[in-house]
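Chemist: For reference, the structure I am asking about is given below.
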Amino acid sequence: MRILVFNAGSSSLKFGVYDMGAAESLCLKGSFDRFRDGSCELKLTVGGARHDAVLPCADLAAAIAAVPGLMAAHGVSGVDAVGHRIAHGGPGFAAPARLDGPTMAEIEALTPLAPLHNPANLAAIRLAMQVWPEVPQVGVFDTSFHLSAPGFATTYAVPEAWRAAGLRRFGFHGTSHKYVALRAAEVIGQPPERLQIVSCHLGNGASVCAINRGRSMDSSMGLTPLEGLVMGTRSGDVDPGIFGFLSRRLGLGVAEVEAALYNDSGLKGLTGSPDMRDAEDRAAAGDTAAQLAIEIYAYRARKYIGAYAAAMGGMDALVFTGGIGENSASMRRRICDGLEFMGVTLDRDRNMRVDLADRAAPELQAWGGRVRVIVTETQEQLQIAREVAVSLRAAAPVRLSLPVAVSARHVHLSPAHVQALFGGPLTAEFDLRQPGNFAAHQRVRIEGPKGGFDNVRVLGPARGRTQVEVSRTDTFALGIEAPVRQSGDLDGTPVVRLVGPAGAVETDGLIIAARHIHMHPDDAARWRVQDRQEVEVRVSGTGRDMTFSDVTIRIQPGAFTEMHIDTDEANAAGVYGAAEGALIAGD
Ligand code: AMP
């Protein structure tokens, strides 16, 4: 499948053509910028060779119209889909979307939240639709990756009426953060679900993202791409009180302040130039304004890295990308210096000798450094091509039905804890549908600092490590915050107290079980899904029909194929007892 990708900015257009078969390969990529006096500069890479040129393209429309000719000149013909980067997708676009009239209207309505970006993205879409009218056009949203962030990270503490009007944090650069996190996980040799990564996209726009076990947990950008780090022309974090202050002191209106925060702040506001290279050169020559700008830039980034390591309760890797993250050894060094206390130690020689050709992602930590420090070139276009390909393959979904069962709170115990709590082995009261598993006669009390639950069911047989599965509602009754985890993924989980007739134990392993499907290998083969694949399941006929996303398939020999949800999920979907779900294969 051949995908053409456009990433349109306000004054430039990047593009790439990728073949997305069993292997991914780049056919060509390039960018148009410096539009002036009826021409523009083209930077084009084909098979590793550069073919830069000045083209007679006066504007974005002419540049897009020139792409088929450029492709043909280099022997690349025909595309199966066009993918577009879209900055703001609001709360509604959690996945790539086919671009048609209603979708475009929704994106247009989000323009006030990304005034520099969404209009440029829409212009490119409209032009591409004219050049490739027969080909599906798919939008991939910078915000989608962050929609997994928890409510406590996305909610501003503002009046309810404002929140009801849609005021919340989103986060941007999602495609870039996702790509570099996947690349870092590849380099580390562990699945992203096992890693806590802080990713720093430091380009003209800049953001930090906390990627907790493969999902965005928090990002420094908020409702708009203004919040967070110091950027080329954007301020990043400011006190919202500046609106009142500037109104009273300088008589500035909201629109003026907002425009200046977008266009005349950041490095530009501090030094006169939005370009980090200028700031670094001037600082080296003794310009004190540039020196201060660099210090503010690094300090703000370091604060976010520390905050996100704390938010996730750890950090396995710190990743740098974007024009500054990739190219400025001195900025990487400034940001990392001072983070040694949390295991970030930079190898200064490696930091100076970074070569990012061919998707390289070198590690820069000193020998024995606990946190991997990785730098890699972001490949937003490639990631967009991947997502477009997946969305087109899933466009004709296979719908299959399966039983949905509700898991009430329960406990799995290690042999040592069985002994400590009951003084003897578990005994089966009745068998469960998953072969070899049973509900035991034995019950325990679960206790937290706020309260507890009596008579909690123990499931047998005993297993390697104790696991206590509760709903999110239960965590408030216990007074302990618990993560959503797959069964068995227990490192770093909170401690809870279990009380049995023969004694009590304090144990980690408290989780909210991530929804999942136990699946027999024969069903998996028939339905063409793989172990750990995430799918959607639509539960209907309950009176509160709903679709569950991110349902993980767990293929086990002899399994009884069945989806498990917890009591909160069951209540939300009106599932009382058993229900049927329709499986829609996803990504
Ligand atoms: P991007 O938006 O990712 O293209 O990044 C643009 C930013 O990267 C600009 O602020 C550039 O000044 C900065 N940049 C590019 N190369 C270098 C370099 N060698 N040293 C410092 N900053 C750089």
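Identifiers for the structure tokens are assigned positionally: chains receive A, B, ... in sequence, residues are indexed from 1 per chain, and ligands are indexed from 1 in the order shown.
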How would you write, as an MDAnalysis selection string, the set of residues no farther than 12 Å from ligand 1 when counting only C-alpha atoms and all ligand atoms?

Modeler: chainID A and resid 9 11:14 31 33 173 176 200:207 230:234 266:268 273:282 294 297 320:332 352 354 376:380

Chemist: Give me, as a VMD selection string, all polymer residues having an atom no more than 10 Å from region 134-139 of chain A, counting only C-alpha atoms and skipping those fewer than 6 positions away in the same chain.

Modeler: chain A and resid 3 to 6 78 to 87 89 93 95 to 100 103 to 104 107 121 to 122 125 to 126 128 384 to 385 387 to 389 391 to 392

Chemist: Output as number ranges by chain all residues of region 274-351 of chain A that backbone DSSP marks as strand (DSSP E or B).

Modeler: A: 317-321, 346

Chemist: Return the single residue from A:Arg463, A:His516, A:Arg409, A:Arg194 that is closest to Asp489 (chain A), with distances computed using only C-alpha atoms.

Modeler: A:Arg194

Chemist: Can you tell me, as a PyMOL selection string, what residues are no more than 9 Å from Gly166 (chain A) when counting only C-alpha atoms, ignoring any on the same chain fewer than 4 positions away?

Modeler: chain A and resi 90-91+161-162

Chemist: Write out as a list in words the residues lying within 10 Å of Leu490 (chain A), counting only C-alpha atoms and excluding same-chain residues fewer than 2 positions away.

Modeler: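 Surrounding residues, per the criterion: Arg465, Thr466, Gln467, Val468, Pro483, Arg485, Gln486, Ser487, Gly488, Gly492, Thr493, Pro494, Asp508, Gly509, Leu510 and Ile511 of chain A.
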
Chemist: Using CA of Phe141 (chain A) and CA of Gly214 (chain A) as the two end points, give the distance in Å to one decimal.

Modeler: 17.5 Å

Chemist: If you measure from CA of Lys43 (chain A) to CA of Leu55 (chain A), what distance in Å do you get, rounded to one decimal?

Modeler: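 Answer for the CA of Lys43 (chain A) to CA of Leu55 (chain A) separation: 10.2 Å.
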
Chemist: Please report the interatomic distance between CA of Glu447 (chain A) and CA of Gly574 (chain A) in Å with one decimal.

Modeler: 28.5 Å

Chemist: Tell me which protein, DNA and RNA residues are within 8 Å of Leu364 (chain A), counting only C-alpha atoms, leaving out same-chain ones fewer than 4 positions away, and put them as a list in words.

Modeler: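 Here the answer would be Leu346, Asp347, Arg348, Arg350, Asn351, Arg372, Val373, Ile374 and Val375 of chain A.
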
Chemist: Please produce an output containing N, CA and C atoms for each residue in the selection, written as a PDB file, in the first residue's frame.

Modeler:
ATOM      1  N   LEU A 346      24.727  11.945  31.369  1.00  0.00           N
ATOM      2  CA  LEU A 346      25.024  12.029  29.943  1.00  0.00           C
ATOM      3  C   LEU A 346      26.497  11.695  29.708  1.00  0.00           C
ATOM      4  N   ASP A 347      26.764  10.905  28.676  1.00  0.00           N
ATOM      5  CA  ASP A 347      28.158  10.720  28.249  1.00  0.00           C
ATOM      6  C   ASP A 347      28.486  11.894  27.340  1.00  0.00           C
ATOM      7  N   ARG A 348      29.368  12.764  27.801  1.00  0.00           N
ATOM      8  CA  ARG A 348      29.566  14.037  27.103  1.00  0.00           C
ATOM      9  C   ARG A 348      30.156  13.848  25.717  1.00  0.00           C
ATOM     10  N   ARG A 350      29.723  11.135  23.707  1.00  0.00           N
ATOM     11  CA  ARG A 350      28.663  10.623  22.819  1.00  0.00           C
ATOM     12  C   ARG A 350      27.683  11.729  22.471  1.00  0.00           C
ATOM     13  N   ASN A 351      27.414  12.593  23.442  1.00  0.00           N
ATOM     14  CA  ASN A 351      26.477  13.683  23.196  1.00  0.00           C
ATOM     15  C   ASN A 351      26.989  14.603  22.085  1.00  0.00           C
ATOM     16  N   ARG A 372      18.090   5.557  30.202  1.00  0.00           N
ATOM     17  CA  ARG A 372      18.601   5.621  28.837  1.00  0.00           C
ATOM     18  C   ARG A 372      18.324   7.009  28.289  1.00  0.00           C
ATOM     19  N   VAL A 373      19.323   7.647  27.751  1.00  0.00           N
ATOM     20  CA  VAL A 373      19.123   8.957  27.105  1.00  0.00           C
ATOM     21  C   VAL A 373      19.307   8.726  25.605  1.00  0.00           C
ATOM     22  N   ILE A 374      18.249   8.977  24.853  1.00  0.00           N
ATOM     23  CA  ILE A 374      18.244   8.600  23.436  1.00  0.00           C
ATOM     24  C   ILE A 374      17.909   9.822  22.596  1.00  0.00           C
ATOM     25  N   VAL A 375      18.578   9.947  21.461  1.00  0.00           N
ATOM     26  CA  VAL A 375      18.210  11.019  20.547  1.00  0.00           C
ATOM     27  C   VAL A 375      17.887  10.392  19.191  1.00  0.00           C
TER      28      VAL A 375
END

Chemist: Looking only at the backbone, which of the residues in region 251-473 of chain A does DSSP tag as helix (DSSP H, G or I), as a count of residues only?

Modeler: 99
